[in-house]
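S.K.: Below is the file model-v3.csv, which contains CSV, C-alpha atoms and all ligand atoms.
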```
chain,number,residue,atom,x,y,z
E,18,MET,CA,-37.6,19.5,43.3
E,19,SER,CA,-39.3,22.3,41.5
E,20,GLU,CA,-40.1,23.3,38.1
E,21,ASN,CA,-37.0,25.3,38.7
E,22,GLN,CA,-35.2,22.1,37.7
E,23,PHE,CA,-37.6,20.2,35.6
E,24,ARG,CA,-40.3,20.3,33.0
E,25,VAL,CA,-42.4,17.2,33.0
E,26,THR,CA,-44.1,16.3,29.8
E,27,GLU,CA,-46.9,13.9,29.2
E,28,GLU,CA,-45.8,11.4,26.6
E,29,GLU,CA,-48.1,9.7,24.1
E,30,SER,CA,-47.1,6.5,25.7
E,31,ASN,CA,-49.1,7.5,28.8
E,32,SER,CA,-45.9,8.2,30.8
E,33,ILE,CA,-44.4,11.3,32.2
E,34,GLU,CA,-40.8,12.2,31.6
E,35,ILE,CA,-39.1,14.5,34.0
E,36,LYS,CA,-36.8,16.7,31.9
E,37,SER,CA,-33.9,18.4,33.7
E,38,ASP,CA,-33.1,21.9,32.6
E,39,ASN,CA,-30.7,23.5,35.0
E,40,CYS,CA,-30.7,21.6,38.2
E,41,CYS,CA,-27.9,22.6,40.4
E,42,GLY,CA,-27.4,19.1,41.8
E,43,PRO,CA,-27.2,17.8,45.4
E,44,ASP,CA,-24.6,20.3,46.6
E,45,CYS,CA,-27.0,23.0,46.1
E,46,CYS,CA,-30.4,21.4,46.3
E,47,SER,CA,-30.0,18.8,49.1
E,48,ASP,CA,-31.8,18.8,52.4
E,49,GLU,CA,-28.4,18.4,54.0
E,50,LYS,CA,-27.4,22.0,53.2
E,51,GLU,CA,-30.8,23.2,54.4
E,52,ILE,CA,-30.6,21.4,57.7
E,53,ILE,CA,-27.0,22.7,58.4
E,54,ALA,CA,-28.2,26.2,57.7
E,55,ALA,CA,-30.9,25.7,60.3
E,56,GLY,CA,-28.1,25.1,62.8
E,57,GLU,CA,-28.7,21.4,63.5
E,58,THR,CA,-26.1,18.9,64.4
E,59,GLU,CA,-24.0,16.8,62.1
E,60,LYS,CA,-26.0,13.8,63.2
E,61,SER,CA,-29.3,15.3,62.1
E,62,VAL,CA,-27.8,16.2,58.8
E,63,LYS,CA,-27.5,12.5,58.0
E,64,LEU,CA,-31.2,11.8,58.7
E,65,SER,CA,-33.2,10.6,55.7
E,66,ASN,CA,-36.8,11.6,55.4
E,67,LYS,CA,-37.7,8.1,56.9
E,68,GLU,CA,-35.8,8.9,60.1
E,69,LYS,CA,-37.2,12.4,60.6
E,70,SER,CA,-40.2,12.7,62.8
E,71,SER,CA,-43.6,13.6,61.3
E,72,GLU,CA,-43.4,17.1,62.8
E,73,GLU,CA,-39.9,17.6,61.3
E,74,ILE,CA,-41.1,16.5,57.9
E,75,LYS,CA,-44.1,18.7,58.1
E,76,GLU,CA,-42.1,21.8,59.1
E,77,MET,CA,-39.7,21.1,56.2
E,78,VAL,CA,-42.6,20.8,53.8
E,79,LYS,CA,-44.3,23.9,55.1
E,80,ARG,CA,-41.0,26.0,54.8
E,81,LYS,CA,-40.4,24.8,51.2
E,82,TYR,CA,-43.9,25.6,50.0
E,83,SER,CA,-43.9,28.9,51.8
E,84,GLU,CA,-40.7,29.8,49.9
E,85,ILE,CA,-42.4,28.7,46.6
E,86,ALA,CA,-45.5,30.8,47.4
E,87,LEU,CA,-43.3,33.9,47.6
E,88,GLN,CA,-41.7,33.2,44.2
E,89,SER,CA,-43.3,34.1,40.9
E,90,ARG,CA,-44.0,31.3,38.5
E,91,GLU,CA,-41.3,32.8,36.3
E,92,VAL,CA,-38.7,32.7,39.1
E,93,ASN,CA,-39.7,29.1,39.9
E,94,ALA,CA,-39.3,28.2,36.3
E,95,SER,CA,-36.1,30.0,35.6
E,96,SER,CA,-33.9,29.6,38.6
E,97,CYS,CA,-32.7,26.6,40.5
E,98,CYS,CA,-32.1,28.0,43.9
E,99,GLY,CA,-34.5,31.0,43.7
E,100,ALA,CA,-35.5,33.4,46.4
E,101,GLY,CA,-35.6,32.0,49.8
E,102,GLY,CA,-33.6,28.9,49.0
E,103,CYS,CA,-33.6,25.9,46.9
E,104,SER,CA,-37.0,24.3,46.4
E,105,ASP,CA,-35.9,21.0,45.2
E,106,GLU,CA,-38.8,18.9,46.3
E,107,VAL,CA,-41.6,20.1,44.1
E,108,TYR,CA,-42.2,19.6,40.5
E,109,ASN,CA,-44.5,20.3,37.7
E,110,ILE,CA,-46.0,17.2,36.1
E,111,MET,CA,-49.1,18.1,33.9
E,112,THR,CA,-49.7,21.7,34.2
E,113,ASP,CA,-50.4,22.3,30.5
E,114,ASP,CA,-53.6,20.2,30.6
E,115,TYR,CA,-55.2,22.8,32.9
E,116,ASP,CA,-55.5,25.2,30.0
E,117,GLU,CA,-58.4,23.2,28.8
E,118,LEU,CA,-60.3,23.3,32.0
E,119,LYS,CA,-63.1,25.9,32.7
E,120,GLY,CA,-62.1,28.2,35.5
E,121,TYR,CA,-58.4,27.8,35.1
E,122,ASN,CA,-56.5,30.7,36.5
E,123,PRO,CA,-52.8,30.9,35.4
E,124,ASP,CA,-52.0,33.1,38.5
E,125,ALA,CA,-53.0,30.2,40.7
E,126,ASP,CA,-51.0,27.6,38.8
E,127,LEU,CA,-47.6,27.3,40.4
E,128,GLY,CA,-46.9,24.1,38.5
E,129,LEU,CA,-47.1,21.9,41.6
E,130,GLY,CA,-49.7,19.4,40.6
E,131,CYS,CA,-49.4,15.8,39.4
E,132,GLY,CA,-52.8,15.2,37.9
E,133,LEU,CA,-56.2,16.7,37.2
E,134,PRO,CA,-58.3,15.6,40.2
E,135,THR,CA,-61.2,18.1,39.3
E,136,LYS,CA,-61.5,16.5,35.9
E,137,PHE,CA,-62.5,13.2,37.4
E,138,ALA,CA,-64.3,14.6,40.5
E,139,GLY,CA,-67.9,14.7,39.2
E,140,ILE,CA,-68.5,18.0,40.8
E,141,LYS,CA,-72.1,19.2,40.4
E,142,GLU,CA,-73.6,22.7,40.5
E,143,GLY,CA,-74.3,23.7,44.1
E,144,ASP,CA,-71.8,21.3,45.6
E,145,THR,CA,-69.5,22.1,48.5
E,146,VAL,CA,-66.0,21.1,47.5
E,147,LEU,CA,-62.9,20.9,49.7
E,148,ASP,CA,-59.4,21.1,48.2
E,149,LEU,CA,-56.6,19.7,50.5
E,150,GLY,CA,-53.2,21.4,50.2
E,151,SER,CA,-54.8,24.1,48.0
E,152,GLY,CA,-51.6,26.0,47.3
E,153,ALA,CA,-52.4,29.2,45.3
E,154,GLY,CA,-55.9,27.9,44.6
E,155,ASN,CA,-55.4,26.2,41.3
E,156,ASP,CA,-57.9,23.4,41.7
E,157,CYS,CA,-60.3,25.6,43.7
E,158,PHE,CA,-60.9,27.9,40.8
E,159,VAL,CA,-61.5,25.0,38.4
E,160,ALA,CA,-63.9,23.4,41.0
E,161,ARG,CA,-65.7,26.8,41.4
E,162,ALA,CA,-66.4,26.8,37.7
E,163,GLU,CA,-68.3,23.5,38.3
E,164,THR,CA,-70.1,24.4,41.5
E,165,GLY,CA,-71.2,27.8,40.1
E,166,ALA,CA,-72.2,30.6,42.3
E,167,ALA,CA,-74.7,28.3,44.2
E,168,GLY,CA,-71.9,26.1,45.5
E,169,LYS,CA,-69.0,26.6,47.8
E,170,VAL,CA,-65.3,25.9,47.6
E,171,ILE,CA,-63.0,25.6,50.6
E,172,GLY,CA,-59.2,25.3,50.2
E,173,VAL,CA,-57.1,24.2,53.2
E,174,ASP,CA,-53.3,24.7,53.3
E,175,PHE,CA,-50.9,24.9,56.3
E,176,SER,CA,-48.6,27.5,54.5
E,177,GLU,CA,-49.8,31.0,55.4
E,178,ALA,CA,-48.0,32.3,52.4
E,179,MET,CA,-49.8,29.9,50.1
E,180,VAL,CA,-53.2,30.8,51.7
E,181,ALA,CA,-52.4,34.6,51.3
E,182,LYS,CA,-51.6,34.0,47.6
E,183,ALA,CA,-54.8,32.0,47.1
E,184,ARG,CA,-56.9,34.7,48.8
E,185,LEU,CA,-55.4,37.4,46.6
E,186,ASN,CA,-56.2,35.3,43.5
E,187,ALA,CA,-59.9,34.9,44.7
E,188,ASP,CA,-60.2,38.6,45.5
E,189,LYS,CA,-59.0,39.5,42.0
E,190,GLN,CA,-61.9,37.5,40.5
E,191,ASN,CA,-64.5,38.8,43.0
E,192,PHE,CA,-65.4,35.3,44.1
E,193,ASN,CA,-67.4,35.3,47.3
E,194,ASN,CA,-68.0,31.6,47.5
E,195,ILE,CA,-64.3,30.5,47.7
E,196,GLU,CA,-62.7,30.4,51.1
E,197,PHE,CA,-59.1,29.6,52.0
E,198,ARG,CA,-58.4,28.3,55.5
E,199,ILE,CA,-55.1,27.9,57.2
E,200,GLY,CA,-54.9,24.4,58.6
E,201,GLU,CA,-53.5,20.9,58.6
E,202,ILE,CA,-54.9,18.1,56.6
E,203,GLU,CA,-54.5,15.7,59.5
E,204,ASP,CA,-56.8,18.0,61.6
E,205,LEU,CA,-59.0,19.7,59.1
E,206,PRO,CA,-60.7,23.0,60.1
E,207,VAL,CA,-63.9,21.7,58.5
E,208,ASN,CA,-67.2,20.4,60.1
E,209,ASP,CA,-68.2,16.8,60.1
E,210,GLY,CA,-70.3,15.6,57.2
E,211,SER,CA,-70.3,19.1,55.5
E,212,VAL,CA,-68.6,18.4,52.1
E,213,ASP,CA,-69.9,16.8,48.9
E,214,VAL,CA,-66.5,16.4,47.1
E,215,VAL,CA,-62.9,16.4,48.4
E,216,VAL,CA,-60.2,17.0,45.8
E,217,SER,CA,-56.4,17.2,46.3
E,218,ASN,CA,-53.5,17.5,43.9
E,219,CYS,CA,-50.0,16.1,44.7
E,220,VAL,CA,-50.3,16.7,48.4
E,221,LEU,CA,-50.9,13.5,50.4
E,222,ASN,CA,-47.6,12.1,49.5
E,223,LEU,CA,-46.1,14.9,51.6
E,224,VAL,CA,-48.2,14.1,54.6
E,225,PRO,CA,-46.5,11.6,56.9
E,226,GLU,CA,-49.6,10.4,58.6
E,227,LYS,CA,-51.6,9.3,55.6
E,228,LEU,CA,-54.2,7.3,57.5
E,229,ASN,CA,-55.1,10.3,59.6
E,230,ALA,CA,-55.4,12.3,56.4
E,231,PHE,CA,-57.9,9.8,54.9
E,232,SER,CA,-59.8,9.6,58.2
E,233,GLU,CA,-60.2,13.3,58.1
E,234,ILE,CA,-61.5,13.2,54.5
E,235,TYR,CA,-64.0,10.5,55.7
E,236,ARG,CA,-65.1,12.6,58.6
E,237,VAL,CA,-65.8,15.8,56.6
E,238,LEU,CA,-67.6,14.1,53.7
E,239,LYS,CA,-71.4,13.9,53.7
E,240,PRO,CA,-72.7,10.3,53.5
E,241,GLY,CA,-72.7,9.6,49.8
E,242,GLY,CA,-69.9,12.2,49.2
E,243,HIS,CA,-66.7,11.2,47.4
E,244,PHE,CA,-63.1,12.2,46.7
E,245,SER,CA,-60.9,12.5,43.7
E,246,ILE,CA,-57.2,12.7,44.6
E,247,SER,CA,-54.1,12.9,42.4
E,248,ASP,CA,-50.9,11.7,44.0
E,249,ILE,CA,-47.6,10.1,43.6
E,250,VAL,CA,-47.2,6.4,44.5
E,251,LEU,CA,-44.5,3.7,44.0
E,252,SER,CA,-44.6,0.1,42.7
E,253,GLY,CA,-42.0,-2.5,43.5
E,254,GLU,CA,-38.8,-2.0,45.5
E,255,LEU,CA,-36.9,1.2,44.6
E,256,PRO,CA,-33.2,0.4,45.1
E,257,GLU,CA,-31.5,2.8,47.7
E,258,LYS,CA,-29.7,4.8,45.0
E,259,ILE,CA,-32.9,5.3,43.0
E,260,GLN,CA,-34.6,6.4,46.2
E,261,LYS,CA,-31.8,8.9,46.7
E,262,ALA,CA,-32.0,10.1,43.1
E,263,ALA,CA,-35.8,10.4,43.4
E,264,GLU,CA,-35.6,12.1,46.7
E,265,MET,CA,-33.2,14.7,45.5
E,266,TYR,CA,-34.9,15.3,42.2
E,267,ALA,CA,-38.5,14.5,42.7
E,268,GLY,CA,-39.3,15.4,46.3
E,269,CYS,CA,-42.9,14.2,46.0
E,270,VAL,CA,-41.4,10.8,45.8
E,271,SER,CA,-39.6,10.9,49.2
E,272,GLY,CA,-42.9,10.6,51.1
E,273,ALA,CA,-44.7,8.5,48.6
E,274,ILE,CA,-45.7,5.0,49.6
E,275,GLN,CA,-46.5,1.8,47.6
E,276,LYS,CA,-49.6,2.0,45.5
E,277,ASP,CA,-51.1,-1.1,47.1
E,278,GLU,CA,-50.5,0.3,50.5
E,279,TYR,CA,-52.0,3.6,49.5
E,280,LEU,CA,-55.2,2.0,48.2
E,281,SER,CA,-55.4,-0.3,51.2
E,282,LEU,CA,-55.3,2.7,53.5
E,283,ILE,CA,-58.2,4.2,51.7
E,284,SER,CA,-60.3,1.1,51.9
E,285,LYS,CA,-59.3,0.6,55.6
E,286,THR,CA,-60.6,4.1,56.3
E,287,GLY,CA,-64.0,2.9,55.1
E,288,PHE,CA,-64.3,4.2,51.6
E,289,ASP,CA,-66.1,2.2,48.9
E,290,ASP,CA,-65.8,1.9,45.2
E,291,VAL,CA,-62.1,2.8,45.4
E,292,LYS,CA,-60.7,3.0,41.9
E,293,ILE,CA,-57.9,4.6,40.0
E,294,GLN,CA,-59.3,6.9,37.3
E,295,LYS,CA,-55.9,7.7,35.7
E,296,GLU,CA,-52.4,6.4,36.1
E,297,LYS,CA,-49.1,7.6,34.5
E,298,GLU,CA,-45.6,6.5,35.0
E,299,ILE,CA,-43.1,9.1,35.9
E,300,ILE,CA,-39.8,8.6,34.1
E,301,ILE,CA,-36.7,9.9,35.7
E,302,PRO,CA,-34.3,10.5,32.7
E,303,ASP,CA,-30.9,9.0,32.5
E,304,ASP,CA,-29.1,12.4,32.9
E,305,ILE,CA,-30.5,12.6,36.4
E,306,LEU,CA,-30.0,8.9,37.3
E,307,ILE,CA,-26.4,9.0,36.1
E,308,ARG,CA,-25.5,11.2,39.1
E,309,TYR,CA,-26.4,8.3,41.4
E,310,LEU,CA,-26.1,5.1,39.4
E,311,ASN,CA,-23.7,3.6,36.9
E,312,GLU,CA,-24.8,2.6,33.4
E,313,ASP,CA,-25.4,-1.0,34.4
E,314,GLU,CA,-27.5,0.0,37.4
E,315,ILE,CA,-29.6,2.3,35.2
E,316,ARG,CA,-30.2,-0.5,32.7
E,317,ASP,CA,-31.2,-2.9,35.5
E,318,PHE,CA,-33.5,-0.3,36.9
E,319,ARG,CA,-35.1,0.3,33.6
E,320,LYS,CA,-35.7,-3.4,33.2
E,321,SER,CA,-37.1,-3.9,36.6
E,322,ASP,CA,-40.8,-3.6,37.7
E,323,SER,CA,-40.1,-0.6,40.0
E,324,ARG,CA,-42.2,2.4,39.1
E,325,ILE,CA,-43.0,5.9,40.3
E,326,SER,CA,-46.5,6.8,39.1
E,327,SER,CA,-49.0,9.6,39.3
E,328,ILE,CA,-52.5,8.3,40.0
E,329,THR,CA,-55.8,9.9,40.3
E,330,VAL,CA,-57.9,7.9,42.7
E,331,PHE,CA,-61.6,8.0,43.6
E,332,GLY,CA,-63.6,6.7,46.6
E,333,ILE,CA,-67.1,7.1,48.1
E,334,LYS,CA,-68.2,7.4,51.7
E,335,ASN,CA,-71.4,5.4,51.8
H,401,LIG,C1,-47.3,20.1,45.9
H,401,LIG,S1,-48.1,21.5,46.5
H,401,LIG,C2,-49.6,21.4,45.7
H,401,LIG,C3,-50.4,22.6,45.7
H,401,LIG,C4,-51.7,22.6,44.9
H,401,LIG,N1,-52.5,21.4,45.2
H,401,LIG,C5,-51.4,22.7,43.4
H,401,LIG,O1,-51.6,21.6,42.8
H,401,LIG,O2,-51.0,23.7,43.0
H,401,LIG,C6,-48.5,20.9,48.1
H,401,LIG,C7,-49.3,21.9,49.0
H,401,LIG,O3,-49.8,21.2,50.1
H,401,LIG,C8,-49.5,21.9,51.3
H,401,LIG,N2,-49.4,20.9,52.4
H,401,LIG,C9,-48.5,19.9,52.5
H,401,LIG,N3,-48.7,19.2,53.6
H,401,LIG,C10,-49.7,19.7,54.2
H,401,LIG,C11,-50.4,19.4,55.4
H,401,LIG,N4,-50.0,18.4,56.2
H,401,LIG,N5,-51.5,20.2,55.8
H,401,LIG,C12,-51.9,21.2,55.0
H,401,LIG,N6,-51.3,21.6,53.8
H,401,LIG,C13,-50.2,20.8,53.5
H,401,LIG,C14,-48.3,22.7,51.0
H,401,LIG,O4,-48.2,23.9,51.8
H,401,LIG,C15,-48.5,23.0,49.5
H,401,LIG,O5,-49.1,24.2,49.3
```
Would you put the structure from the file into structure tokens?
M.R.:
Amino acid sequence: MSENQFRVTEEESNSIEIKSDNCCGPDCCSDEKEIIAAGETEKSVKLSNKEKSSEEIKEMVKRKYSEIALQSREVNASSCCGAGGCSDEVYNIMTDDYDELKGYNPDADLGLGCGLPTKFAGIKEGDTVLDLGSGAGNDCFVARAETGAAGKVIGVDFSEAMVAKARLNADKQNFNNIEFRIGEIEDLPVNDGSVDVVVSNCVLNLVPEKLNAFSEIYRVLKPGGHFSISDIVLSGELPEKIQKAAEMYAGCVSGAIQKDEYLSLISKTGFDDVKIQKEKEIIIPDDILIRYLNEDEIRDFRKSDSRISSITVFGIKN
């Protein structure tokens, strides 16, 4: 899903409501159409994300974000199936908050984040900061305002189009201590023990091999280094129809795992002092759910303990 379809507003109740503007619905925005277009078989059309291989998921993710990189923010915001196809698996959760942060560069903000990891990252002057899935560089520019000219910021993204956009944004500001590298989070092009702070915004939910991702974060951090990561997680069982609705309309959800499992992966990797710095519930509005559930099912879901949340989590490598 993209901000093509939704604006997401932070509510006073500490929850996030996804508002649908002009979504074109599953006929237009589904994976199924995309896979058929790629010439695959009828059988593969029916594969859910869970049944796809890690490589297939990653290729799909890379293709979608490369399409988004080539669209302007205005196009993303105003059209459902904009240039290059229908980017239905990305969405804008808390973009407005960035305005308050030093270093914020609107050109780099494609509205793809789900938190403010830099705000909770404790970045110090002179630090080396690594941003995973850096997109057009949004969090890198905010991090650079904290590290100052004495520090260094590295963004890694596997979409060449995103990296090109980020490099252009850095060049426009004449920054010579921000570097964007093409690479995979599961195999980071970064030396062992070379980074003070890792940040990431709404990316690891898209990575099928999450344990590999956290192991790589552990490897590149200096002893005593830490991470601050914003991501989407689930709580409780999401009924199949809710999963379907969420997958179609909030793509970051399709690869998201249970919050407990997410935190346990982090601890298993070896991180200490793991804590959630901020948590917000993401509320899928009724006008989206009604496409998949009847009114009784919606009411039951609302009453249940099942949740989709954005968390900003912190951990230290001791
Ligand atoms: C939801 S966007 C977030 C972009 C950026 N963090 C922001 O907030 O604007 C996810 C980004 O992660 C990148 N990405 C997803 N999976 C990746 C992986 N396995 N390795 C490297 N980059 C990845 C995508 O290309 C995309 O640019």
S.K.: Can you work out which one of E:Glu84, E:Glu296, E:Glu314, E:Asp304 has the shortest atom-to-atom distance to ligand LIG 401 (chain H), counting only C-alpha atoms and all ligand atoms?
M.R.: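 Between E:Glu84, E:Glu296, E:Glu314, E:Asp304, the residue approaching ligand LIG 401 (chain H) most closely is E:Glu84.
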S.K.: Neighbouring residues of stretch 221-230 of chain E were defined as those with any atom within 10 Å, considering only C-alpha atoms; residues of the same chain fewer than 5 positions away were excluded. Please report them as number ranges by chain.
M.R.: E: 66-67, 70-75, 78-79, 106, 149-150, 201-205, 235-236, 246-250, 268-274, 279, 281-283, 285-286
S.K.: Counting all atoms listed in the file, which of E:Thr135, E:Gln294, E:Asn194, E:Asn155 gets nearest to ligand LIG 401 (chain H)?
M.R.: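 The shortest atom-to-atom distance to ligand LIG 401 (chain H) comes from E:Asn155.
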S.K.: Could you give me, as a PyMOL selection string, every polymer residue with an atom at most 6 Å away from an atom of ligand LIG 401 (chain H), counting all atoms listed in the file?
M.R.: chain E and resi 79+82+107+126-127+129-130+150-152+155+174-176+179+200-202+217-220+223-224
S.K.: Determine, counting all atoms listed in the file, every residue of protein, DNA or RNA that lies within 12 Å of (-51.7, 33.3, 35.5) in the file coordinates, then give the result as a ChimeraX atom specification.
M.R.: /E:89-91,112,115-116,120-128,153-155,158,186,189
S.K.: Rank nothing, just name the residue among E:Pro206, E:Gly253, E:Gly332, E:Gly165 nearest to E:Gly241, using only C-alpha atoms.
M.R.: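 Result for the nearest residue to E:Gly241: E:Gly332.
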S.K.: So how many Å separate atom CA of E:Ile293 and atom CA of E:Ser321, to one decimal?
M.R.: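 Going from atom CA of E:Ile293 over to atom CA of E:Ser321, I get 22.7 Å.
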S.K.: Just checking: using all atoms listed in the file, which residue out of E:Gly168, E:Phe197, E:Asp322, E:Val214 ends up closest to E:Leu185?
M.R.: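 That would be E:Phe197, the residue with the smallest distance to E:Leu185.
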S.K.: May I ask for the distance between atom CA of E:Gly242 and atom CA of E:Lys334, given in Å to one decimal place?
M.R.: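 For atom CA of E:Gly242 relative to atom CA of E:Lys334, the distance reads 5.7 Å.
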S.K.: May I ask which of the residues E:Pro302, E:Gly143, E:Gly287, E:Gly172 is the closest one to E:Ile199, counting all atoms listed in the file?
M.R.: E:Gly172
S.K.: What residues have an atom no more than 10 Å from (-66.1, 23.5, 36.8) in the file's own frame, counting all atoms listed in the file, and can you write them as an MDAnalysis selection string?
M.R.: chainID E and resid 118:121 135:136 138:142 156:165
S.K.: Could you please determine the separation between atom CA of E:Tyr309 and atom CA of E:Ser327 in Å, to one decimal place?
M.R.: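 Atom CA of E:Ser327 lies 22.7 Å from atom CA of E:Tyr309.
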S.K.: Excluding same-chain residues fewer than 6 positions from E:Glu312, what lies within 10 Å of it counting only C-alpha atoms, as a VMD selection string?
M.R.: chain E and resid 303 306 318
S.K.: Will you model N, CA and C atoms for stretch 297-313 of chain E and pass it back as a PDB file, in the coordinates of the input?
M.R.:
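Final output, saved to out_1.pdb:
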```
ATOM      1  N   LYS E 297     -50.212   7.342  35.442  1.00  0.00           N
ATOM      2  CA  LYS E 297     -49.100   7.600  34.500  1.00  0.00           C
ATOM      3  C   LYS E 297     -47.795   7.346  35.178  1.00  0.00           C
ATOM      4  N   GLU E 298     -46.923   6.741  34.438  1.00  0.00           N
ATOM      5  CA  GLU E 298     -45.600   6.500  35.000  1.00  0.00           C
ATOM      6  C   GLU E 298     -44.759   7.764  34.904  1.00  0.00           C
ATOM      7  N   ILE E 299     -43.996   8.012  35.950  1.00  0.00           N
ATOM      8  CA  ILE E 299     -43.100   9.100  35.900  1.00  0.00           C
ATOM      9  C   ILE E 299     -41.681   8.609  35.625  1.00  0.00           C
ATOM     10  N   ILE E 300     -41.116   9.107  34.556  1.00  0.00           N
ATOM     11  CA  ILE E 300     -39.800   8.600  34.100  1.00  0.00           C
ATOM     12  C   ILE E 300     -38.710   9.568  34.492  1.00  0.00           C
ATOM     13  N   ILE E 301     -37.820   9.116  35.358  1.00  0.00           N
ATOM     14  CA  ILE E 301     -36.700   9.900  35.700  1.00  0.00           C
ATOM     15  C   ILE E 301     -35.619   9.714  34.595  1.00  0.00           C
ATOM     16  N   PRO E 302     -35.229  10.755  33.880  1.00  0.00           N
ATOM     17  CA  PRO E 302     -34.300  10.500  32.700  1.00  0.00           C
ATOM     18  C   PRO E 302     -32.913  10.128  33.162  1.00  0.00           C
ATOM     19  N   ASP E 303     -32.222   9.522  32.222  1.00  0.00           N
ATOM     20  CA  ASP E 303     -30.900   9.000  32.500  1.00  0.00           C
ATOM     21  C   ASP E 303     -29.934  10.111  33.005  1.00  0.00           C
ATOM     22  N   ASP E 304     -30.092  11.329  32.484  1.00  0.00           N
ATOM     23  CA  ASP E 304     -29.100  12.400  32.900  1.00  0.00           C
ATOM     24  C   ASP E 304     -29.263  12.752  34.346  1.00  0.00           C
ATOM     25  N   ILE E 305     -30.369  12.374  34.961  1.00  0.00           N
ATOM     26  CA  ILE E 305     -30.500  12.600  36.400  1.00  0.00           C
ATOM     27  C   ILE E 305     -29.986  11.322  37.127  1.00  0.00           C
ATOM     28  N   LEU E 306     -30.413  10.167  36.643  1.00  0.00           N
ATOM     29  CA  LEU E 306     -30.000   8.900  37.300  1.00  0.00           C
ATOM     30  C   LEU E 306     -28.491   8.745  37.320  1.00  0.00           C
ATOM     31  N   ILE E 307     -27.838   9.200  36.268  1.00  0.00           N
ATOM     32  CA  ILE E 307     -26.400   9.000  36.100  1.00  0.00           C
ATOM     33  C   ILE E 307     -25.589   9.633  37.252  1.00  0.00           C
ATOM     34  N   ARG E 308     -26.221  10.571  37.929  1.00  0.00           N
ATOM     35  CA  ARG E 308     -25.500  11.200  39.100  1.00  0.00           C
ATOM     36  C   ARG E 308     -25.432  10.236  40.250  1.00  0.00           C
ATOM     37  N   TYR E 309     -26.282   9.200  40.251  1.00  0.00           N
ATOM     38  CA  TYR E 309     -26.400   8.300  41.400  1.00  0.00           C
ATOM     39  C   TYR E 309     -26.042   6.850  41.061  1.00  0.00           C
ATOM     40  N   LEU E 310     -26.222   6.480  39.796  1.00  0.00           N
ATOM     41  CA  LEU E 310     -26.100   5.100  39.400  1.00  0.00           C
ATOM     42  C   LEU E 310     -25.089   4.973  38.223  1.00  0.00           C
ATOM     43  N   ASN E 311     -24.447   3.817  38.109  1.00  0.00           N
ATOM     44  CA  ASN E 311     -23.700   3.600  36.900  1.00  0.00           C
ATOM     45  C   ASN E 311     -24.562   3.094  35.786  1.00  0.00           C
ATOM     46  N   GLU E 312     -23.998   2.961  34.591  1.00  0.00           N
ATOM     47  CA  GLU E 312     -24.800   2.600  33.400  1.00  0.00           C
ATOM     48  C   GLU E 312     -25.526   1.260  33.593  1.00  0.00           C
ATOM     49  N   ASP E 313     -24.784   0.295  34.184  1.00  0.00           N
ATOM     50  CA  ASP E 313     -25.400  -1.000  34.400  1.00  0.00           C
ATOM     51  C   ASP E 313     -26.574  -0.947  35.335  1.00  0.00           C
TER      52      ASP E 313
END
```
